[in-house]
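Colleague: For reference, this is entry-v5.tsv, and it has TSV, C-alpha atoms.
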```
chain	number	residue	atom	x	y	z
N	291	MET	CA	116.28	111.99	122.62
N	292	THR	CA	117.53	111.59	119.06
N	293	SER	CA	118.43	108.30	117.39
N	294	LEU	CA	122.12	109.21	117.52
N	295	THR	CA	121.95	110.01	121.26
N	296	ALA	CA	120.15	106.74	121.96
N	297	LYS	CA	122.71	104.79	119.93
N	298	LEU	CA	125.59	106.45	121.79
N	299	LEU	CA	123.93	105.74	125.14
N	300	ASP	CA	123.55	102.05	124.26
N	301	ARG	CA	127.20	101.86	123.23
N	302	LEU	CA	128.43	103.68	126.34
N	303	ILE	CA	126.52	101.37	128.69
N	304	LEU	CA	127.82	98.32	126.80
N	305	LEU	CA	131.36	99.71	126.90
N	306	ALA	CA	131.16	100.51	130.62
N	307	ALA	CA	129.94	97.00	131.50
N	308	SER	CA	132.60	95.40	129.29
N	309	VAL	CA	135.38	97.54	130.82
N	310	CYS	CA	134.24	96.55	134.31
N	311	MET	CA	134.38	92.85	133.43
N	312	VAL	CA	137.83	93.14	131.83
N	313	ALA	CA	139.17	95.28	134.69
N	314	ARG	CA	137.97	92.71	137.22
N	315	GLN	CA	139.57	89.92	135.22
N	316	TYR	CA	142.95	91.64	135.40
N	317	ASP	CA	142.47	93.17	138.89
N	318	PHE	CA	142.74	96.73	137.65
N	319	PRO	CA	143.27	99.07	139.44
N	320	SER	CA	143.85	96.54	142.26
N	321	GLU	CA	142.54	93.26	143.63
N	322	ASN	CA	141.55	94.92	146.90
N	323	PHE	CA	139.41	97.43	145.01
N	324	TRP	CA	137.35	94.71	143.31
N	325	ASN	CA	137.11	92.64	146.45
N	326	ALA	CA	135.61	95.67	148.17
N	327	VAL	CA	133.18	96.29	145.29
N	328	TRP	CA	132.00	92.70	145.00
N	329	SER	CA	132.13	91.82	148.70
N	330	GLY	CA	128.63	90.76	149.73
N	331	ARG	CA	127.32	91.46	146.21
N	332	PRO	CA	127.41	88.15	144.33
N	333	TYR	CA	124.82	89.47	141.87
N	334	VAL	CA	127.14	92.11	140.36
N	335	PRO	CA	128.84	89.79	137.82
N	336	ILE	CA	125.47	88.43	136.74
N	337	VAL	CA	124.12	91.98	136.29
N	338	LEU	CA	127.15	92.97	134.20
N	339	ILE	CA	126.82	89.87	132.01
N	340	CYS	CA	123.11	90.60	131.48
N	341	VAL	CA	123.82	94.24	130.63
N	342	ILE	CA	126.46	93.20	128.08
N	343	GLY	CA	124.09	90.66	126.53
N	344	ILE	CA	121.03	92.92	126.41
N	345	PHE	CA	122.75	96.09	125.20
N	346	GLY	CA	124.98	94.17	122.78
N	347	ALA	CA	122.14	92.24	121.16
N	348	PHE	CA	119.11	94.52	121.40
N	349	ALA	CA	120.34	98.15	121.82
N	350	PRO	CA	117.14	98.91	123.79
N	351	PHE	CA	117.33	102.73	123.84
N	352	GLU	CA	117.91	102.92	120.10
N	353	ALA	CA	115.11	100.41	119.48
N	354	LEU	CA	112.73	102.45	121.67
N	355	ILE	CA	113.52	105.67	119.83
N	356	GLU	CA	113.11	103.99	116.43
N	357	ARG	CA	109.74	102.56	117.47
N	358	ARG	CA	108.53	105.98	118.61
N	359	LYS	CA	109.80	107.48	115.36
N	360	ARG	CA	107.84	104.92	113.33
N	361	GLU	CA	104.73	105.69	115.36
N	362	ARG	CA	105.15	109.43	114.75
N	363	LYS	CA	105.70	108.86	111.02
N	364	THR	CA	102.53	106.79	110.86
N	365	ALA	CA	100.56	109.48	112.70
N	366	ILE	CA	101.92	112.24	110.44
N	367	ARG	CA	101.18	110.20	107.31
N	368	GLN	CA	97.60	109.72	108.47
N	369	GLU	CA	97.23	113.46	109.03
N	370	VAL	CA	98.64	114.23	105.58
N	371	LEU	CA	96.25	111.76	103.97
N	372	ASN	CA	93.34	113.19	105.94
N	373	HIS	CA	94.02	116.73	104.71
N	374	PHE	CA	94.76	115.52	101.19
N	375	GLY	CA	91.44	113.68	101.18
N	376	LYS	CA	89.61	116.89	102.07
N	377	MET	CA	91.49	118.79	99.34
N	378	THR	CA	90.54	116.08	96.86
N	379	TRP	CA	86.89	116.31	97.88
N	380	LEU	CA	86.99	120.08	97.32
N	381	ALA	CA	88.67	119.57	93.94
N	382	ILE	CA	86.14	117.08	92.57
N	383	HIS	CA	83.28	119.30	93.78
N	384	ALA	CA	84.77	122.46	92.29
N	385	SER	CA	83.22	124.20	89.32
N	386	PRO	CA	84.41	122.94	86.91
N	387	PRO	CA	85.45	119.78	88.77
N	388	ILE	CA	89.08	118.58	88.88
N	389	GLU	CA	89.69	114.92	88.10
N	390	LEU	CA	90.39	112.79	91.16
N	391	GLN	CA	93.78	111.54	89.98
N	392	ASP	CA	94.93	114.97	88.80
N	393	LEU	CA	95.58	116.58	92.17
N	394	GLY	CA	99.06	116.23	93.65
N	395	LEU	CA	100.43	117.23	97.06
N	396	HIS	CA	104.16	117.72	97.61
N	397	ILE	CA	106.13	118.39	100.78
N	398	TRP	CA	109.41	120.31	100.48
N	399	ARG	CA	112.16	121.17	102.93
N	400	ILE	CA	115.39	123.16	102.80
N	401	ARG	CA	118.54	121.18	102.10
N	402	ARG	CA	122.12	122.27	101.49
N	403	SER	CA	124.72	120.92	99.10
N	404	PHE	CA	128.11	121.81	97.65
N	405	ARG	CA	126.29	123.65	94.87
N	406	HIS	CA	124.09	125.58	97.33
N	407	PRO	CA	126.12	125.58	100.60
N	408	VAL	CA	124.71	128.78	102.13
N	409	HIS	CA	121.11	129.38	101.13
N	410	GLY	CA	120.38	125.79	100.12
N	411	PHE	CA	117.61	124.52	97.88
N	412	LEU	CA	114.19	122.91	98.25
N	413	GLN	CA	114.09	119.14	98.14
N	414	ARG	CA	110.84	117.27	97.59
N	415	VAL	CA	110.64	114.80	100.48
N	416	ALA	CA	107.17	113.38	99.84
N	417	THR	CA	104.53	113.28	97.11
N	418	TYR	CA	100.91	112.19	97.42
N	419	ARG	CA	98.86	111.52	94.31
N	420	LEU	CA	95.97	109.15	93.64
N	421	GLY	CA	96.97	108.51	90.05
N	422	SER	CA	100.19	107.31	88.45
N	423	THR	CA	100.22	110.16	85.95
N	424	PRO	CA	101.59	112.67	85.45
N	425	ALA	CA	104.98	111.36	86.53
N	426	THR	CA	106.75	113.48	89.14
N	427	ARG	CA	109.64	115.31	87.51
N	428	MET	CA	112.95	116.18	89.11
N	429	PHE	CA	112.85	119.71	90.49
N	430	ALA	CA	115.08	121.10	93.24
N	431	PRO	CA	114.75	124.90	93.08
N	432	PRO	CA	116.75	127.50	95.01
N	433	LYS	CA	115.05	130.47	96.64
N	434	GLY	CA	112.91	132.46	94.22
N	435	VAL	CA	112.60	129.77	91.54
N	436	GLY	CA	109.25	128.13	90.84
N	437	VAL	CA	106.11	128.59	92.90
N	438	VAL	CA	107.72	126.88	95.90
N	439	GLY	CA	110.83	129.05	95.50
N	440	LEU	CA	108.67	132.17	95.52
N	441	CYS	CA	106.90	130.86	98.61
N	442	TRP	CA	110.32	130.51	100.25
N	443	LYS	CA	111.48	133.96	99.13
N	444	ARG	CA	108.34	135.71	100.37
N	445	ASN	CA	107.68	133.35	103.31
N	446	GLU	CA	103.98	133.52	102.48
N	447	GLU	CA	101.28	131.76	100.48
N	448	VAL	CA	101.70	131.86	96.72
N	449	SER	CA	99.47	130.63	93.91
N	450	ILE	CA	100.08	130.89	90.18
N	451	ASP	CA	97.66	130.28	87.32
N	452	VAL	CA	100.32	128.62	85.17
N	453	GLU	CA	97.74	127.53	82.59
N	454	LYS	CA	96.76	131.15	81.90
N	455	LEU	CA	100.39	132.24	81.87
N	456	ALA	CA	101.39	129.48	79.45
N	457	ARG	CA	98.66	130.43	76.95
N	458	GLY	CA	100.35	133.77	76.40
N	459	LEU	CA	103.94	132.48	76.35
N	460	ILE	CA	104.15	130.22	73.33
N	461	ASP	CA	107.74	130.87	72.28
N	462	ARG	CA	111.04	132.03	73.72
N	463	VAL	CA	110.80	135.52	72.23
N	464	GLY	CA	107.47	136.15	73.93
N	465	PHE	CA	108.78	134.61	77.15
N	466	ASP	CA	111.85	136.87	77.24
N	467	ALA	CA	109.77	139.94	76.39
N	468	TYR	CA	107.27	139.16	79.16
N	469	GLN	CA	110.12	138.68	81.65
N	470	SER	CA	111.75	141.98	80.67
N	471	ALA	CA	108.46	143.84	81.02
N	472	ASN	CA	107.25	142.26	84.27
N	473	GLY	CA	110.35	141.02	86.09
N	474	ALA	CA	111.70	137.58	86.97
N	475	GLU	CA	109.01	136.80	89.54
N	476	SER	CA	106.32	137.08	86.86
N	477	ILE	CA	107.70	133.90	85.26
N	478	MET	CA	108.55	132.36	88.67
N	479	GLY	CA	112.28	132.92	88.23
N	480	LEU	CA	112.39	130.17	85.60
N	481	SER	CA	114.33	129.94	82.38
N	482	TRP	CA	112.47	129.16	79.16
N	483	LEU	CA	113.54	125.51	79.26
N	484	GLU	CA	112.51	125.17	82.92
N	485	PHE	CA	109.17	126.78	82.15
N	486	GLN	CA	108.61	124.26	79.37
N	487	ARG	CA	109.15	121.42	81.85
N	488	ILE	CA	106.63	122.62	84.45
N	489	ARG	CA	103.92	124.31	82.37
N	490	HIS	CA	101.80	121.11	82.31
N	491	ARG	CA	100.82	121.78	85.95
N	492	GLY	CA	98.38	124.59	85.26
N	493	ALA	CA	97.39	125.48	88.82
N	494	VAL	CA	99.96	125.55	91.63
N	495	PHE	CA	99.48	126.55	95.27
N	496	ALA	CA	102.24	126.75	97.91
N	497	SER	CA	102.22	127.62	101.60
N	498	PRO	CA	105.20	127.85	103.99
N	499	ILE	CA	106.01	125.47	106.82
N	500	ARG	CA	107.35	127.67	109.60
N	501	GLY	CA	109.19	126.85	112.80
N	502	GLY	CA	108.37	128.23	116.21
N	503	ASN	CA	110.19	131.50	115.51
N	504	GLY	CA	108.47	131.97	112.16
N	505	ALA	CA	111.50	130.87	110.15
N	506	PHE	CA	110.86	129.13	106.84
N	507	LEU	CA	111.59	125.39	107.11
N	508	GLY	CA	109.96	124.16	103.92
N	509	CYS	CA	106.60	124.29	102.24
N	510	ILE	CA	103.66	122.33	100.91
N	511	SER	CA	102.62	122.65	97.29
N	512	VAL	CA	99.43	121.39	95.68
N	513	ASP	CA	99.07	121.29	91.90
N	514	ALA	CA	96.64	120.30	89.18
N	515	SER	CA	96.66	120.54	85.40
N	516	ARG	CA	93.97	123.24	85.44
N	517	GLY	CA	91.35	124.95	87.57
N	518	HIS	CA	93.33	127.58	89.49
N	519	ASP	CA	90.37	129.88	90.08
N	520	ALA	CA	88.12	126.97	91.09
N	521	LEU	CA	90.59	125.86	93.76
N	522	ASP	CA	91.61	129.32	94.96
N	523	ILE	CA	89.00	129.37	97.72
N	524	PRO	CA	89.31	129.77	101.52
N	525	ASP	CA	88.40	126.15	102.31
N	526	PHE	CA	91.17	124.83	100.05
N	527	TRP	CA	93.75	127.16	101.54
N	528	ARG	CA	92.55	126.28	105.03
N	529	GLU	CA	93.43	122.61	104.49
N	530	ILE	CA	96.87	123.48	103.12
N	531	ASN	CA	97.68	125.91	105.92
N	532	SER	CA	96.39	123.57	108.61
N	533	LEU	CA	98.72	120.84	107.39
N	534	CYS	CA	101.61	123.31	107.20
N	535	SER	CA	100.99	124.30	110.80
N	536	ARG	CA	101.04	120.67	111.91
N	537	LEU	CA	104.27	119.90	110.09
N	538	GLY	CA	105.85	123.04	111.55
N	539	HIS	CA	105.52	121.57	115.05
N	540	ASP	CA	108.21	118.85	114.67
N	541	GLY	CA	106.20	116.94	112.08
N	542	LEU	CA	108.50	117.76	109.17
N	543	ASP	CA	111.25	115.55	110.60
N	544	ASP	CA	108.86	112.59	110.59
N	545	ILE	CA	108.03	112.69	106.87
```
Let me see the file written as structure tokens.

Modeller:
Amino acid sequence: MTSLTAKLLDRLILLAASVCMVARQYDFPSENFWNAVWSGRPYVPIVLICVIGIFGAFAPFEALIERRKRERKTAIRQEVLNHFGKMTWLAIHASPPIELQDLGLHIWRIRRSFRHPVHGFLQRVATYRLGSTPATRMFAPPKGVGVVGLCWKRNEEVSIDVEKLARGLIDRVGFDAYQSANGAESIMGLSWLEFQRIRHRGAVFASPIRGGNGAFLGCISVDASRGHDALDIPDFWREINSLCSRLGHDGLDDI
């Protein structure tokens, strides 16, 4: 049951009890009808008054659903932190090691807007990082743009050594030439200005969150300022994919 369904159910029960009380007050549809209903049942008015009071003040079905939702969110958050902790352990024990506060984990899901009404775009719905820097920058890519956009386009795991790429692309002329020679995906579908904004995250990994039918729902990305090859190992990918699998089973709605 969704929150909206629970809210409607609370309102319908409250409305039904209120209508019964008003109808009895005005003997609608007839006095004989209500005499037959209440005959030998003196508890009926008390029950209706209690229903009106309880459902008007507490909305019990909605409150129950919201409590369960909070419990699921807490459980999902704990799972995310558990996997992120394991990724962090792998990062600081990599060769060379990645600084503890450098690693960032981001959860993305498809959204639609007036600008992208059909295919939509990826919205970052959660970020986990142990440090306050670097600051998370606004980024809402459509399909095929950025590492997460490529992950969406291909519906598969993608990793890019942005640090290595950035060393060879120091100006716009070189950037445009590289794009012409290797295609848009080689520069992650980004413009020169967009590339300048994201090049500080030198190692980026993304894996899709799929629904039960294999459809792309969103993705998880993990980034660091450097160390792509040190992190591109099976154990690191295993943690990312395990979390993606968990979020694909209704967990994404609880982020």

Colleague: Might you pull out every residue within 10 Å of N:Leu380, with only C-alpha atoms counted and same-chain residues fewer than 5 positions away left off, and present them as a ChimeraX atom specification?

Modeller: /N:374-375,385,387-388,520-521,523,525-526,529

Colleague: I'd like the interatomic distance between atom CA of N:Glu484 and atom CA of N:Pro498, to a tenth of an Å.

Modeller: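 It comes out at 22.5 Å.
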
Colleague: Please determine, counting only C-alpha atoms, which residue among N:Leu455, N:Ala416, N:Ile477, N:Ile382 has the shortest atom-to-atom distance to N:Leu440.

Modeller: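 For N:Leu440, the nearest of the given residues is N:Ile477.
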
Colleague: In Å to one decimal, how far is atom CA of N:Arg491 from atom CA of N:Ile510?

Modeller: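 Atom CA of N:Arg491 lies at a distance of 15.2 Å from atom CA of N:Ile510.
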
Colleague: N:Ile460, N:His409, N:His373, N:Ala307: which is nearest N:Asn531, counting all atoms listed in the file?

Modeller: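 Ranked by minimum distance to N:Asn531, first place goes to N:His373.
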
Colleague: Mind pulling up the distance from atom CA of N:Met291 to atom CA of N:Met311?

Modeller: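 Atom CA of N:Met291 lies 28.5 Å from atom CA of N:Met311.
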
Colleague: Which polymer residues have any atom within 10 Å of an atom of N:Asp540, counting only C-alpha atoms, with same-chain residues fewer than 6 positions away left out, as a count of residues only?

Modeller: 3

Colleague: Can you list, as a PyMOL selection string, every protein, DNA or RNA residue that comes within 9 Å of stretch 392-405 of chain N when you count all atoms listed in the file, leaving out same-chain residues fewer than 3 positions away?

Modeller: chain N and resi 374+377-378+381+388-389+408-421+423-424+438+499+506-516+542+545

Colleague: With C-alpha atoms retained, write the just-selected residues as a JSON list (two decimals), in the coordinates of the input.

Modeller:
```
[["chain", "number", "residue", "atom", "x", "y", "z"],
["N", 374, "PHE", "CA", 94.76, 115.52, 101.19],
["N", 377, "MET", "CA", 91.49, 118.79, 99.34],
["N", 378, "THR", "CA", 90.54, 116.08, 96.86],
["N", 381, "ALA", "CA", 88.67, 119.57, 93.94],
["N", 388, "ILE", "CA", 89.08, 118.58, 88.88],
["N", 389, "GLU", "CA", 89.69, 114.92, 88.10],
["N", 408, "VAL", "CA", 124.71, 128.78, 102.13],
["N", 409, "HIS", "CA", 121.11, 129.38, 101.13],
["N", 410, "GLY", "CA", 120.38, 125.79, 100.12],
["N", 411, "PHE", "CA", 117.61, 124.52, 97.88],
["N", 412, "LEU", "CA", 114.19, 122.91, 98.25],
["N", 413, "GLN", "CA", 114.09, 119.14, 98.14],
["N", 414, "ARG", "CA", 110.84, 117.27, 97.59],
["N", 415, "VAL", "CA", 110.64, 114.80, 100.48],
["N", 416, "ALA", "CA", 107.17, 113.38, 99.84],
["N", 417, "THR", "CA", 104.53, 113.28, 97.11],
["N", 418, "TYR", "CA", 100.91, 112.19, 97.42],
["N", 419, "ARG", "CA", 98.86, 111.52, 94.31],
["N", 420, "LEU", "CA", 95.97, 109.15, 93.64],
["N", 421, "GLY", "CA", 96.97, 108.51, 90.05],
["N", 423, "THR", "CA", 100.22, 110.16, 85.95],
["N", 424, "PRO", "CA", 101.59, 112.67, 85.45],
["N", 438, "VAL", "CA", 107.72, 126.88, 95.90],
["N", 499, "ILE", "CA", 106.01, 125.47, 106.82],
["N", 506, "PHE", "CA", 110.86, 129.13, 106.84],
["N", 507, "LEU", "CA", 111.59, 125.39, 107.11],
["N", 508, "GLY", "CA", 109.96, 124.16, 103.92],
["N", 509, "CYS", "CA", 106.60, 124.29, 102.24],
["N", 510, "ILE", "CA", 103.66, 122.33, 100.91],
["N", 511, "SER", "CA", 102.62, 122.65, 97.29],
["N", 512, "VAL", "CA", 99.43, 121.39, 95.68],
["N", 513, "ASP", "CA", 99.07, 121.29, 91.90],
["N", 514, "ALA", "CA", 96.64, 120.30, 89.18],
["N", 515, "SER", "CA", 96.66, 120.54, 85.40],
["N", 516, "ARG", "CA", 93.97, 123.24, 85.44],
["N", 542, "LEU", "CA", 108.50, 117.76, 109.17],
["N", 545, "ILE", "CA", 108.03, 112.69, 106.87]]
```

Colleague: Go through N:Phe351, N:Phe495, N:Phe345, N:Phe323 and flag the residue nearest N:Ile450, using only C-alpha atoms for the distances.

Modeller: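 Closest candidate: N:Phe495.
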
Colleague: Once you add 4 Å to each side, what are the centre and edge lengths of the axis-aligned box holding all listed atoms of stretch 316-332 of chain N? One decimal in Å, as JSON, if you can.

Modeller:
```
{"center_x": 135.6, "center_y": 93.6, "center_z": 142.6, "size_x": 24.5, "size_y": 18.9, "size_z": 22.3}
```

Colleague: Of the candidates N:Ala467, N:Val334, N:Leu537, N:Leu304, which shows the shortest atom-to-atom distance to N:Phe348, using all atoms listed in the file?

Modeller: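 Among the listed residues, N:Leu304 lies closest to N:Phe348.
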
Colleague: Point out the residue among N:Asp451, N:Arg444, N:Glu361, N:Phe485 with the least atom-to-atom distance to N:Asp466, counting only C-alpha atoms.

Modeller: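 So, comparing all the options, the nearest one is N:Phe485.
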
Colleague: List as a ChimeraX atom specification the protein and nucleic acid residues near N:Lys359, meaning an atom at most 10 Å away when all atoms listed in the file are counted, but skip any in the same chain fewer than 5 places from it.

Modeller: /N:292-293,353-354,364-365,543-544

Colleague: So which residues touch N:Lys433 within 6 Å, counting all atoms listed in the file, skipping near sequence neighbours fewer than 5 positions away, as number ranges by chain?

Modeller: N: 439, 442-443

Colleague: Considering only C-alpha atoms, can you say which of N:Arg427, N:Arg367, N:Leu459, N:Phe318 comes closest to N:Arg536?

Modeller: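 When distances to N:Arg536 are compared using only C-alpha atoms, the smallest one comes from N:Arg367.
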